[in-house]
file query29.pdb (PDB, C-alpha atoms)
ATOM      1  CA  MET A  24      82.272 107.674  93.759  1.00  0.00           C
ATOM      2  CA  ARG A  25      84.803 104.961  94.603  1.00  0.00           C
ATOM      3  CA  PHE A  26      84.595 105.650  98.356  1.00  0.00           C
ATOM      4  CA  GLU A  27      80.886 106.261  98.787  1.00  0.00           C
ATOM      5  CA  GLY A  28      79.858 105.596 102.385  1.00  0.00           C
ATOM      6  CA  GLN A  29      83.414 104.810 103.493  1.00  0.00           C
ATOM      7  CA  THR A  30      85.460 106.575 106.150  1.00  0.00           C
ATOM      8  CA  VAL A  31      89.117 107.492 105.784  1.00  0.00           C
ATOM      9  CA  ILE A  32      91.436 109.180 108.280  1.00  0.00           C
ATOM     10  CA  VAL A  33      94.062 111.488 106.789  1.00  0.00           C
ATOM     11  CA  THR A  34      96.803 112.789 109.065  1.00  0.00           C
ATOM     12  CA  GLY A  35      98.438 116.165 108.607  1.00  0.00           C
ATOM     13  CA  ALA A  36      95.436 117.172 106.512  1.00  0.00           C
ATOM     14  CA  SER A  37      95.146 120.898 107.142  1.00  0.00           C
ATOM     15  CA  ARG A  38      97.691 121.753 104.428  1.00  0.00           C
ATOM     16  CA  GLY A  39      99.738 120.380 101.554  1.00  0.00           C
ATOM     17  CA  ILE A  40      99.413 116.784 100.421  1.00  0.00           C
ATOM     18  CA  GLY A  41      97.138 115.825 103.316  1.00  0.00           C
ATOM     19  CA  ARG A  42      94.665 118.566 102.468  1.00  0.00           C
ATOM     20  CA  ALA A  43      94.599 117.553  98.807  1.00  0.00           C
ATOM     21  CA  VAL A  44      94.075 113.893  99.738  1.00  0.00           C
ATOM     22  CA  ALA A  45      91.175 114.706 102.054  1.00  0.00           C
ATOM     23  CA  LEU A  46      89.455 116.773  99.369  1.00  0.00           C
ATOM     24  CA  GLN A  47      90.085 114.186  96.635  1.00  0.00           C
ATOM     25  CA  LEU A  48      88.628 111.367  98.722  1.00  0.00           C
ATOM     26  CA  ALA A  49      85.645 113.482  99.745  1.00  0.00           C
ATOM     27  CA  SER A  50      84.992 114.301  96.072  1.00  0.00           C
ATOM     28  CA  GLU A  51      84.753 110.535  95.530  1.00  0.00           C
ATOM     29  CA  GLY A  52      82.278 109.962  98.350  1.00  0.00           C
ATOM     30  CA  ALA A  53      84.377 109.426 101.477  1.00  0.00           C
ATOM     31  CA  ASN A  54      83.681 110.778 104.931  1.00  0.00           C
ATOM     32  CA  ILE A  55      86.899 112.167 106.373  1.00  0.00           C
ATOM     33  CA  GLY A  56      88.567 112.008 109.761  1.00  0.00           C
ATOM     34  CA  LEU A  57      90.767 115.069 109.353  1.00  0.00           C
ATOM     35  CA  ASN A  58      93.809 115.112 111.610  1.00  0.00           C
ATOM     36  CA  TYR A  59      95.827 118.235 112.295  1.00  0.00           C
ATOM     37  CA  ARG A  60      97.974 119.513 115.130  1.00  0.00           C
ATOM     38  CA  SER A  61      98.317 123.293 115.063  1.00  0.00           C
ATOM     39  CA  HIS A  62      96.781 124.849 111.925  1.00  0.00           C
ATOM     40  CA  THR A  63      93.253 125.114 113.296  1.00  0.00           C
ATOM     41  CA  GLU A  64      91.860 127.739 110.932  1.00  0.00           C
ATOM     42  CA  GLU A  65      93.167 125.904 107.889  1.00  0.00           C
ATOM     43  CA  ALA A  66      91.733 122.608 109.160  1.00  0.00           C
ATOM     44  CA  GLU A  67      88.335 124.217 109.660  1.00  0.00           C
ATOM     45  CA  ALA A  68      88.496 125.607 106.116  1.00  0.00           C
ATOM     46  CA  VAL A  69      89.184 122.120 104.731  1.00  0.00           C
ATOM     47  CA  LYS A  70      86.261 120.779 106.766  1.00  0.00           C
ATOM     48  CA  GLN A  71      83.974 123.357 105.179  1.00  0.00           C
ATOM     49  CA  GLU A  72      85.173 122.373 101.699  1.00  0.00           C
ATOM     50  CA  ILE A  73      84.523 118.705 102.431  1.00  0.00           C
ATOM     51  CA  GLU A  74      81.029 119.449 103.703  1.00  0.00           C
ATOM     52  CA  SER A  75      80.348 121.562 100.611  1.00  0.00           C
ATOM     53  CA  LEU A  76      81.004 118.372  98.631  1.00  0.00           C
ATOM     54  CA  GLY A  77      78.222 116.683 100.561  1.00  0.00           C
ATOM     55  CA  GLN A  78      80.444 114.591 102.812  1.00  0.00           C
ATOM     56  CA  LYS A  79      80.960 114.490 106.554  1.00  0.00           C
ATOM     57  CA  CYS A  80      84.182 115.588 108.218  1.00  0.00           C
ATOM     58  CA  LEU A  81      85.364 115.045 111.774  1.00  0.00           C
ATOM     59  CA  LEU A  82      88.174 117.313 112.962  1.00  0.00           C
ATOM     60  CA  LEU A  83      90.786 115.380 114.938  1.00  0.00           C
ATOM     61  CA  GLN A  84      93.300 117.621 116.650  1.00  0.00           C
ATOM     62  CA  ALA A  85      96.138 115.393 117.808  1.00  0.00           C
ATOM     63  CA  ASP A  86      99.913 115.143 117.773  1.00  0.00           C
ATOM     64  CA  VAL A  87     100.683 111.893 115.956  1.00  0.00           C
ATOM     65  CA  ALA A  88     103.851 111.553 118.037  1.00  0.00           C
ATOM     66  CA  ASP A  89     101.550 110.803 120.997  1.00  0.00           C
ATOM     67  CA  GLN A  90     100.488 107.149 120.829  1.00  0.00           C
ATOM     68  CA  ASN A  91      97.513 107.568 123.164  1.00  0.00           C
ATOM     69  CA  ALA A  92      96.271 110.543 121.158  1.00  0.00           C
ATOM     70  CA  VAL A  93      96.478 108.573 117.916  1.00  0.00           C
ATOM     71  CA  GLU A  94      94.589 105.626 119.381  1.00  0.00           C
ATOM     72  CA  GLU A  95      91.919 107.980 120.735  1.00  0.00           C
ATOM     73  CA  MET A  96      91.695 109.670 117.329  1.00  0.00           C
ATOM     74  CA  VAL A  97      90.992 106.367 115.591  1.00  0.00           C
ATOM     75  CA  ALA A  98      88.474 105.318 118.254  1.00  0.00           C
ATOM     76  CA  LYS A  99      86.686 108.674 118.022  1.00  0.00           C
ATOM     77  CA  THR A 100      86.380 108.317 114.251  1.00  0.00           C
ATOM     78  CA  ILE A 101      84.789 104.898 114.582  1.00  0.00           C
ATOM     79  CA  GLU A 102      82.457 106.171 117.289  1.00  0.00           C
ATOM     80  CA  GLU A 103      81.371 109.001 114.966  1.00  0.00           C
ATOM     81  CA  PHE A 104      81.099 107.123 111.663  1.00  0.00           C
ATOM     82  CA  GLY A 105      80.741 103.490 112.739  1.00  0.00           C
ATOM     83  CA  GLU A 106      83.632 102.090 110.711  1.00  0.00           C
ATOM     84  CA  LEU A 107      87.072 102.791 109.302  1.00  0.00           C
ATOM     85  CA  TYR A 108      87.929 101.803 105.750  1.00  0.00           C
ATOM     86  CA  GLY A 109      91.148 103.698 105.086  1.00  0.00           C
ATOM     87  CA  TYR A 110      94.065 105.419 106.753  1.00  0.00           C
ATOM     88  CA  VAL A 111      96.550 107.807 105.143  1.00  0.00           C
ATOM     89  CA  SER A 112      99.690 108.380 107.204  1.00  0.00           C
ATOM     90  CA  ASN A 113     100.857 111.748 105.925  1.00  0.00           C
ATOM     91  CA  ALA A 114     101.870 113.885 108.920  1.00  0.00           C
ATOM     92  CA  ALA A 115     105.585 114.602 109.094  1.00  0.00           C
ATOM     93  CA  TYR A 116     108.111 116.983 110.579  1.00  0.00           C
ATOM     94  CA  SER A 117     111.620 117.859 109.479  1.00  0.00           C
ATOM     95  CA  ASP A 118     114.452 120.119 110.555  1.00  0.00           C
ATOM     96  CA  ARG A 119     117.344 120.693 108.173  1.00  0.00           C
ATOM     97  CA  GLU A 120     120.834 120.839 109.646  1.00  0.00           C
ATOM     98  CA  LEU A 121     124.072 118.980 109.202  1.00  0.00           C
ATOM     99  CA  MET A 122     124.182 116.005 111.546  1.00  0.00           C
ATOM    100  CA  ILE A 123     127.213 117.343 113.437  1.00  0.00           C
ATOM    101  CA  ASN A 124     125.388 120.616 114.166  1.00  0.00           C
ATOM    102  CA  ALA A 125     121.891 119.234 114.691  1.00  0.00           C
ATOM    103  CA  ASP A 126     119.774 120.454 117.568  1.00  0.00           C
ATOM    104  CA  MET A 127     118.885 117.161 119.198  1.00  0.00           C
ATOM    105  CA  ASP A 128     115.433 118.292 120.289  1.00  0.00           C
ATOM    106  CA  GLY A 129     114.547 118.962 116.661  1.00  0.00           C
ATOM    107  CA  PHE A 130     116.239 115.749 115.567  1.00  0.00           C
ATOM    108  CA  ARG A 131     114.193 113.689 118.019  1.00  0.00           C
ATOM    109  CA  ARG A 132     111.012 115.563 117.130  1.00  0.00           C
ATOM    110  CA  THR A 133     111.535 114.662 113.473  1.00  0.00           C
ATOM    111  CA  VAL A 134     111.861 110.984 114.346  1.00  0.00           C
ATOM    112  CA  ASP A 135     108.956 111.083 116.810  1.00  0.00           C
ATOM    113  CA  VAL A 136     106.542 112.527 114.249  1.00  0.00           C
ATOM    114  CA  SER A 137     107.808 111.093 110.972  1.00  0.00           C
ATOM    115  CA  MET A 138     108.650 107.572 112.174  1.00  0.00           C
ATOM    116  CA  TRP A 139     106.813 106.824 115.412  1.00  0.00           C
ATOM    117  CA  GLY A 140     103.784 108.847 114.331  1.00  0.00           C
ATOM    118  CA  ALA A 141     103.454 106.759 111.180  1.00  0.00           C
ATOM    119  CA  PHE A 142     103.777 103.514 113.139  1.00  0.00           C
ATOM    120  CA  TYR A 143     101.239 104.535 115.802  1.00  0.00           C
ATOM    121  CA  GLY A 144      98.682 105.332 113.104  1.00  0.00           C
ATOM    122  CA  VAL A 145      99.206 102.201 111.043  1.00  0.00           C
ATOM    123  CA  ARG A 146      99.012 100.082 114.181  1.00  0.00           C
ATOM    124  CA  ALA A 147      95.887 101.726 115.608  1.00  0.00           C
ATOM    125  CA  ALA A 148      94.045 101.721 112.277  1.00  0.00           C
ATOM    126  CA  SER A 149      94.875  98.113 111.463  1.00  0.00           C
ATOM    127  CA  GLN A 150      93.910  96.963 114.964  1.00  0.00           C
ATOM    128  CA  GLN A 151      90.428  98.384 114.426  1.00  0.00           C
ATOM    129  CA  MET A 152      90.158  96.970 110.912  1.00  0.00           C
ATOM    130  CA  VAL A 153      91.126  93.493 112.092  1.00  0.00           C
ATOM    131  CA  LYS A 154      88.713  93.717 115.029  1.00  0.00           C
ATOM    132  CA  ALA A 155      85.829  94.749 112.759  1.00  0.00           C
ATOM    133  CA  LYS A 156      86.865  92.345 109.990  1.00  0.00           C
ATOM    134  CA  THR A 157      87.063  95.309 107.631  1.00  0.00           C
ATOM    135  CA  LYS A 158      88.800  94.819 104.311  1.00  0.00           C
ATOM    136  CA  GLY A 159      90.639  98.112 104.602  1.00  0.00           C
ATOM    137  CA  SER A 160      93.453  99.987 102.951  1.00  0.00           C
ATOM    138  CA  ILE A 161      96.393 101.962 104.354  1.00  0.00           C
ATOM    139  CA  VAL A 162      98.730 104.304 102.497  1.00  0.00           C
ATOM    140  CA  VAL A 163     101.927 105.556 104.083  1.00  0.00           C
ATOM    141  CA  VAL A 164     103.321 108.754 102.602  1.00  0.00           C
ATOM    142  CA  SER A 165     107.070 108.270 102.596  1.00  0.00           C
ATOM    143  CA  SER A 166     109.752 109.944 100.467  1.00  0.00           C
ATOM    144  CA  PRO A 167     112.759 109.425  98.202  1.00  0.00           C
ATOM    145  CA  HIS A 168     114.628 110.503 101.346  1.00  0.00           C
ATOM    146  CA  GLY A 169     114.138 106.890 102.429  1.00  0.00           C
ATOM    147  CA  VAL A 170     116.603 105.729  99.782  1.00  0.00           C
ATOM    148  CA  ILE A 171     118.584 108.883  98.913  1.00  0.00           C
ATOM    149  CA  PRO A 172     120.850 110.155 101.741  1.00  0.00           C
ATOM    150  CA  ILE A 173     120.102 113.840 101.259  1.00  0.00           C
ATOM    151  CA  PRO A 174     122.488 115.950 103.381  1.00  0.00           C
ATOM    152  CA  THR A 175     121.141 118.122 106.228  1.00  0.00           C
ATOM    153  CA  ALA A 176     118.150 115.763 106.567  1.00  0.00           C
ATOM    154  CA  MET A 177     119.552 112.812 108.486  1.00  0.00           C
ATOM    155  CA  ALA A 178     116.663 112.460 110.944  1.00  0.00           C
ATOM    156  CA  TYR A 179     114.115 112.669 108.135  1.00  0.00           C
ATOM    157  CA  ASN A 180     116.115 110.251 105.964  1.00  0.00           C
ATOM    158  CA  MET A 181     116.297 107.774 108.840  1.00  0.00           C
ATOM    159  CA  SER A 182     112.584 108.093 109.559  1.00  0.00           C
ATOM    160  CA  LYS A 183     111.490 107.580 105.961  1.00  0.00           C
ATOM    161  CA  ALA A 184     113.770 104.573 105.501  1.00  0.00           C
ATOM    162  CA  ALA A 185     112.286 103.079 108.674  1.00  0.00           C
ATOM    163  CA  ILE A 186     108.654 103.579 107.680  1.00  0.00           C
ATOM    164  CA  ASP A 187     109.294 102.053 104.262  1.00  0.00           C
ATOM    165  CA  HIS A 188     110.277  98.806 105.941  1.00  0.00           C
ATOM    166  CA  MET A 189     107.538  99.231 108.558  1.00  0.00           C
ATOM    167  CA  ALA A 190     104.851  99.461 105.887  1.00  0.00           C
ATOM    168  CA  ARG A 191     106.140  96.441 103.977  1.00  0.00           C
ATOM    169  CA  THR A 192     106.230  94.427 107.195  1.00  0.00           C
ATOM    170  CA  ALA A 193     102.689  95.515 108.018  1.00  0.00           C
ATOM    171  CA  ALA A 194     101.616  94.501 104.513  1.00  0.00           C
ATOM    172  CA  ILE A 195     102.740  90.901 104.960  1.00  0.00           C
ATOM    173  CA  GLU A 196     101.358  90.680 108.488  1.00  0.00           C
ATOM    174  CA  LEU A 197      97.957  92.030 107.429  1.00  0.00           C
ATOM    175  CA  ALA A 198      97.612  90.181 104.122  1.00  0.00           C
ATOM    176  CA  GLU A 199      95.579  87.398 105.706  1.00  0.00           C
ATOM    177  CA  HIS A 200      93.076  90.029 106.843  1.00  0.00           C
ATOM    178  CA  ARG A 201      92.909  91.475 103.308  1.00  0.00           C
ATOM    179  CA  ILE A 202      94.161  94.854 104.486  1.00  0.00           C
ATOM    180  CA  ASN A 203      96.287  96.537 101.831  1.00  0.00           C
ATOM    181  CA  VAL A 204      99.326  98.530 102.988  1.00  0.00           C
ATOM    182  CA  ASN A 205     101.238 100.533 100.397  1.00  0.00           C
ATOM    183  CA  LEU A 206     103.751 103.361 100.213  1.00  0.00           C
ATOM    184  CA  ILE A 207     104.034 106.433  98.065  1.00  0.00           C
ATOM    185  CA  HIS A 208     107.246 108.369  97.421  1.00  0.00           C
ATOM    186  CA  PRO A 209     106.354 111.910  96.351  1.00  0.00           C
ATOM    187  CA  GLY A 210     109.174 113.955  94.889  1.00  0.00           C
ATOM    188  CA  TRP A 211     109.684 117.682  95.334  1.00  0.00           C
ATOM    189  CA  ILE A 212     106.105 118.821  95.879  1.00  0.00           C
ATOM    190  CA  ASP A 213     104.967 122.434  96.148  1.00  0.00           C
ATOM    191  CA  THR A 214     103.743 122.487  99.739  1.00  0.00           C
ATOM    192  CA  PRO A 215     104.048 124.918 102.672  1.00  0.00           C
ATOM    193  CA  GLY A 216     106.375 122.408 104.314  1.00  0.00           C
ATOM    194  CA  GLU A 217     108.840 122.618 101.416  1.00  0.00           C
ATOM    195  CA  ARG A 218     108.603 126.381 101.124  1.00  0.00           C
ATOM    196  CA  LYS A 219     109.918 126.864 104.650  1.00  0.00           C
ATOM    197  CA  PHE A 220     113.313 125.611 103.449  1.00  0.00           C
ATOM    198  CA  PHE A 221     113.714 127.573 100.184  1.00  0.00           C
ATOM    199  CA  THR A 222     113.277 131.051  98.768  1.00  0.00           C
ATOM    200  CA  GLU A 223     111.048 131.628  95.753  1.00  0.00           C
ATOM    201  CA  GLU A 224     114.143 132.124  93.615  1.00  0.00           C
ATOM    202  CA  GLN A 225     115.639 128.810  94.793  1.00  0.00           C
ATOM    203  CA  ILE A 226     112.376 127.024  94.078  1.00  0.00           C
ATOM    204  CA  GLU A 227     112.093 128.451  90.565  1.00  0.00           C
ATOM    205  CA  GLU A 228     115.696 127.636  89.696  1.00  0.00           C
ATOM    206  CA  GLY A 229     115.728 124.220  91.351  1.00  0.00           C
ATOM    207  CA  SER A 230     112.440 123.016  89.916  1.00  0.00           C
ATOM    208  CA  ALA A 231     113.403 124.094  86.398  1.00  0.00           C
ATOM    209  CA  ASN A 232     116.430 121.805  86.619  1.00  0.00           C
ATOM    210  CA  LEU A 233     114.412 118.724  87.593  1.00  0.00           C
ATOM    211  CA  PRO A 234     113.818 116.026  84.935  1.00  0.00           C
ATOM    212  CA  TRP A 235     110.163 117.034  84.613  1.00  0.00           C
ATOM    213  CA  GLY A 236     111.009 120.729  84.704  1.00  0.00           C
ATOM    214  CA  ARG A 237     108.731 121.580  87.612  1.00  0.00           C
ATOM    215  CA  MET A 238     107.672 120.683  91.133  1.00  0.00           C
ATOM    216  CA  GLY A 239     104.802 118.287  91.651  1.00  0.00           C
ATOM    217  CA  THR A 240     101.451 119.367  93.060  1.00  0.00           C
ATOM    218  CA  PRO A 241      99.593 118.047  96.096  1.00  0.00           C
ATOM    219  CA  GLU A 242      96.628 117.318  93.840  1.00  0.00           C
ATOM    220  CA  GLU A 243      98.705 114.985  91.678  1.00  0.00           C
ATOM    221  CA  MET A 244      99.799 113.056  94.766  1.00  0.00           C
ATOM    222  CA  ALA A 245      96.199 112.918  95.981  1.00  0.00           C
ATOM    223  CA  LYS A 246      95.026 111.241  92.780  1.00  0.00           C
ATOM    224  CA  GLY A 247      97.714 108.594  93.134  1.00  0.00           C
ATOM    225  CA  ILE A 248      96.857 107.984  96.779  1.00  0.00           C
ATOM    226  CA  ALA A 249      93.139 107.730  95.966  1.00  0.00           C
ATOM    227  CA  PHE A 250      93.908 104.987  93.453  1.00  0.00           C
ATOM    228  CA  MET A 251      96.054 103.148  96.001  1.00  0.00           C
ATOM    229  CA  LEU A 252      93.241 103.236  98.561  1.00  0.00           C
ATOM    230  CA  SER A 253      90.572 102.140  96.130  1.00  0.00           C
ATOM    231  CA  ALA A 254      89.328  98.719  95.128  1.00  0.00           C
ATOM    232  CA  ASP A 255      91.060  99.336  91.787  1.00  0.00           C
ATOM    233  CA  ALA A 256      94.331  98.564  93.608  1.00  0.00           C
ATOM    234  CA  ASP A 257      93.031  95.473  95.397  1.00  0.00           C
ATOM    235  CA  TYR A 258      95.913  93.274  94.201  1.00  0.00           C
ATOM    236  CA  MET A 259      98.585  95.744  95.294  1.00  0.00           C
ATOM    237  CA  THR A 260     100.077  95.490  98.763  1.00  0.00           C
ATOM    238  CA  GLY A 261     103.570  96.077 100.088  1.00  0.00           C
ATOM    239  CA  SER A 262     104.272  98.195  97.023  1.00  0.00           C
ATOM    240  CA  THR A 263     105.949 101.577  96.630  1.00  0.00           C
ATOM    241  CA  VAL A 264     104.529 104.001  94.107  1.00  0.00           C
ATOM    242  CA  THR A 265     107.039 106.659  93.073  1.00  0.00           C
ATOM    243  CA  MET A 266     105.543 109.950  91.864  1.00  0.00           C
ATOM    244  CA  ASP A 267     108.594 112.177  91.795  1.00  0.00           C
ATOM    245  CA  GLY A 268     108.961 113.568  88.281  1.00  0.00           C
ATOM    246  CA  GLY A 269     112.170 111.605  87.878  1.00  0.00           C
ATOM    247  CA  VAL A 270     113.953 112.960  90.963  1.00  0.00           C
ATOM    248  CA  SER A 271     115.169 109.496  91.939  1.00  0.00           C
ATOM    249  CA  LEU A 272     116.705 108.993  88.490  1.00  0.00           C
ATOM    250  CA  PRO A 273     120.334 110.058  87.857  1.00  0.00           C
ATOM    251  CA  TRP A 274     119.137 113.340  86.377  1.00  0.00           C
ATOM    252  CA  TRP A 275     122.340 115.113  87.336  1.00  0.00           C
ATOM    253  CA  SER A 276     124.190 113.046  84.702  1.00  0.00           C
ATOM    254  CA  ASN A 277     121.842 113.930  81.848  1.00  0.00           C
ATOM    255  CA  ARG A 278     124.179 115.909  79.610  1.00  0.00           C
ATOM    256  CA  ALA A 279     124.335 115.968  75.838  1.00  0.00           C
ATOM    257  CA  ASP A 280     127.973 114.892  75.817  1.00  0.00           C
ATOM    258  CA  GLY A 281     127.196 111.872  77.974  1.00  0.00           C
ATOM    259  CA  GLN A 282     129.677 112.974  80.615  1.00  0.00           C
ATOM    260  CA  MET A 283     128.986 113.679  84.273  1.00  0.00           C
TER     261      MET A 283
END
call {"tool": "encode", "arguments": {"input": "query29.pdb", "output": "structure tokens"}}
result
Amino acid sequence: MRFEGQTVIVTGASRGIGRAVALQLASEGANIGLNYRSHTEEAEAVKQEIESLGQKCLLLQADVADQNAVEEMVAKTIEEFGELYGYVSNAAYSDRELMINADMDGFRRTVDVSMWGAFYGVRAASQQMVKAKTKGSIVVVSSPHGVIPIPTAMAYNMSKAAIDHMARTAAIELAEHRINVNLIHPGWIDTPGERKFFTEEQIEEGSANLPWGRMGTPEEMAKGIAFMLSADADYMTGSTVTMDGGVSLPWWSNRADGQM
């Protein structure tokens, strides 16, 4: 029960990695501020699961691209639970098109959610932690897209590269307050968000060719994030944990003859 009596906000927590994180933290004693934007029924189902674990859950419907909404979400959580120990910035959005063909509304939406949304949350959470003198912890869910220029994902690539540097900057600024800020780079994870881009056949074929021979699971990411939030990782800040099954390695060159 590493988080017994502590409160953690998880954004984008109705599905995928966010859902798994919320449930993992609740299983270890945390009360959860569960943010979602549009998947109401799924968010309510996660809330019921958290409560079945004996923990409290506050549903926080908000678009993280809206700074005022994010600040209100954090304030509401503190009003409900009295404190804020942790914040997991997980919510993201991505369209996939070549840059020259990109619909600019979708391009801007990707940046607004994936970059600005992460910043608004980190800022609002850390403001409250500093004010309350809370020794808190923040995890920003980023991506190998932040370092690998994957085609058709320019807006997402840009956003993830930006939040990597944002989180490291926050880590050094908040060190004096003993607030940990760390990043995680999940690889190709089996989530609803990924499945909107690929057919089942593409997923089966693509994942079999990865170094680890499969996609990752949200639950695996959740265990890593729980460690990063916990007191077990007290001496870690400004760090990037890569849990990608080797995706960021030069796996495409791994041939028996040693040739590309």
call {"tool": "closest_atom_pairs", "arguments": {"input": "query29.pdb", "of": "range 72-131 of chain A", "to": "range 162-183 of chain A", "cutoff": "9 Å", "atoms": "all atoms listed in the file", "output": "JSON lines"}}
result
{"residue": "A:Gly109", "atom": "CA", "partner": "A:Val162", "partner_atom": "CA", "distance": 8.0}
{"residue": "A:Tyr110", "atom": "CA", "partner": "A:Val162", "partner_atom": "CA", "distance": 6.4}
{"residue": "A:Val111", "atom": "CA", "partner": "A:Val162", "partner_atom": "CA", "distance": 4.9}
{"residue": "A:Ser112", "atom": "CA", "partner": "A:Val163", "partner_atom": "CA", "distance": 4.8}
{"residue": "A:Asn113", "atom": "CA", "partner": "A:Val164", "partner_atom": "CA", "distance": 5.1}
{"residue": "A:Ala114", "atom": "CA", "partner": "A:Val164", "partner_atom": "CA", "distance": 8.3}
{"residue": "A:Ala115", "atom": "CA", "partner": "A:Tyr179", "partner_atom": "CA", "distance": 8.8}
{"residue": "A:Tyr116", "atom": "CA", "partner": "A:Tyr179", "partner_atom": "CA", "distance": 7.8}
{"residue": "A:Ser117", "atom": "CA", "partner": "A:Tyr179", "partner_atom": "CA", "distance": 5.9}
{"residue": "A:Asp118", "atom": "CA", "partner": "A:Ala176", "partner_atom": "CA", "distance": 7.0}
{"residue": "A:Arg119", "atom": "CA", "partner": "A:Thr175", "partner_atom": "CA", "distance": 5.0}
{"residue": "A:Glu120", "atom": "CA", "partner": "A:Thr175", "partner_atom": "CA", "distance": 4.4}
{"residue": "A:Leu121", "atom": "CA", "partner": "A:Thr175", "partner_atom": "CA", "distance": 4.3}
{"residue": "A:Met122", "atom": "CA", "partner": "A:Met177", "partner_atom": "CA", "distance": 6.4}
{"residue": "A:Ala125", "atom": "CA", "partner": "A:Thr175", "partner_atom": "CA", "distance": 8.6}
{"residue": "A:Gly129", "atom": "CA", "partner": "A:Ala178", "partner_atom": "CA", "distance": 8.9}
{"residue": "A:Phe130", "atom": "CA", "partner": "A:Ala178", "partner_atom": "CA", "distance": 5.7}
{"residue": "A:Arg131", "atom": "CA", "partner": "A:Ala178", "partner_atom": "CA", "distance": 7.6}
call {"tool": "residues_around", "arguments": {"input": "query29.pdb", "residues": "Leu57 in chain A", "least_positions_apart": "4", "cutoff": "8 Å", "atoms": "all atoms listed in the file", "output": "list in words"}}
result
Ile32, Val33, Thr34, Gly35, Ala36, Ser37, Ala45, Ala66, Lys70, Cys80, Leu81, Leu82 and Leu83 of chain A
call {"tool": "write_last_selection", "arguments": {"input": "query29.pdb", "atoms": "C-alpha atoms", "output": "PDB file, in the frame of the given file"}}
result
ATOM      1  CA  ILE A  32      91.436 109.180 108.280  1.00  0.00           C
ATOM      2  CA  VAL A  33      94.062 111.488 106.789  1.00  0.00           C
ATOM      3  CA  THR A  34      96.803 112.789 109.065  1.00  0.00           C
ATOM      4  CA  GLY A  35      98.438 116.165 108.607  1.00  0.00           C
ATOM      5  CA  ALA A  36      95.436 117.172 106.512  1.00  0.00           C
ATOM      6  CA  SER A  37      95.146 120.898 107.142  1.00  0.00           C
ATOM      7  CA  ALA A  45      91.175 114.706 102.054  1.00  0.00           C
ATOM      8  CA  ALA A  66      91.733 122.608 109.160  1.00  0.00           C
ATOM      9  CA  LYS A  70      86.261 120.779 106.766  1.00  0.00           C
ATOM     10  CA  CYS A  80      84.182 115.588 108.218  1.00  0.00           C
ATOM     11  CA  LEU A  81      85.364 115.045 111.774  1.00  0.00           C
ATOM     12  CA  LEU A  82      88.174 117.313 112.962  1.00  0.00           C
ATOM     13  CA  LEU A  83      90.786 115.380 114.938  1.00  0.00           C
TER      14      LEU A  83
END
call {"tool": "resolve_selection", "arguments": {"input": "query29.pdb", "expression": "the PyMOL selection byres ((chain A and resi 40) around 7)", "output": "list in words"}}
result
Arg38, Gly39, Gly41, Arg42, Ala43, Val44, Pro241, Met244 and Ala245 of chain A
call {"tool": "atom_distance", "arguments": {"input": "query29.pdb", "atom1": "CA of Glu224 in chain A", "atom2": "CA of Gly210 in chain A"}}
result
18.9 Å
call {"tool": "axis_aligned_box", "arguments": {"input": "query29.pdb", "around": "range 154-166 of chain A", "padding_each_side": "3 Å", "output": "AutoDock Vina command-line options"}}
result
--center_x 97.8 --center_y 101.1 --center_z 107.7 --size_x 29.9 --size_y 23.6 --size_z 20.6
call {"tool": "resolve_selection", "arguments": {"input": "query29.pdb", "expression": "the PyMOL selection byres ((chain A and resi 153) around 12)", "output": "tab-separated table (two decimals) with C-alpha atoms, in the coordinates of the input"}}
result
chain	number	residue	atom	x	y	z
A	106	GLU	CA	83.63	102.09	110.71
A	107	LEU	CA	87.07	102.79	109.30
A	108	TYR	CA	87.93	101.80	105.75
A	145	VAL	CA	99.21	102.20	111.04
A	146	ARG	CA	99.01	100.08	114.18
A	147	ALA	CA	95.89	101.73	115.61
A	148	ALA	CA	94.04	101.72	112.28
A	149	SER	CA	94.88	98.11	111.46
A	150	GLN	CA	93.91	96.96	114.96
A	151	GLN	CA	90.43	98.38	114.43
A	152	MET	CA	90.16	96.97	110.91
A	154	LYS	CA	88.71	93.72	115.03
A	155	ALA	CA	85.83	94.75	112.76
A	156	LYS	CA	86.86	92.34	109.99
A	157	THR	CA	87.06	95.31	107.63
A	158	LYS	CA	88.80	94.82	104.31
A	159	GLY	CA	90.64	98.11	104.60
A	160	SER	CA	93.45	99.99	102.95
A	196	GLU	CA	101.36	90.68	108.49
A	197	LEU	CA	97.96	92.03	107.43
A	198	ALA	CA	97.61	90.18	104.12
A	199	GLU	CA	95.58	87.40	105.71
A	200	HIS	CA	93.08	90.03	106.84
A	201	ARG	CA	92.91	91.48	103.31
A	202	ILE	CA	94.16	94.85	104.49
A	203	ASN	CA	96.29	96.54	101.83
call {"tool": "closest_residue", "arguments": {"input": "query29.pdb", "among": "A:Arg218, A:Asn124, A:Gly269, A:Asp255", "to": "Gly236 in chain A", "atoms": "all atoms listed in the file"}}
result
A:Gly269
call {"tool": "closest_residue", "arguments": {"input": "query29.pdb", "among": "A:Ser75, A:Gln47, A:Ala88, A:Ser262", "to": "Glu243 in chain A", "atoms": "only C-alpha atoms"}}
result
A:Gln47
call {"tool": "atom_distance", "arguments": {"input": "query29.pdb", "atom1": "CA of Gly268 in chain A", "atom2": "CA of Leu233 in chain A"}}
result
7.5 Å
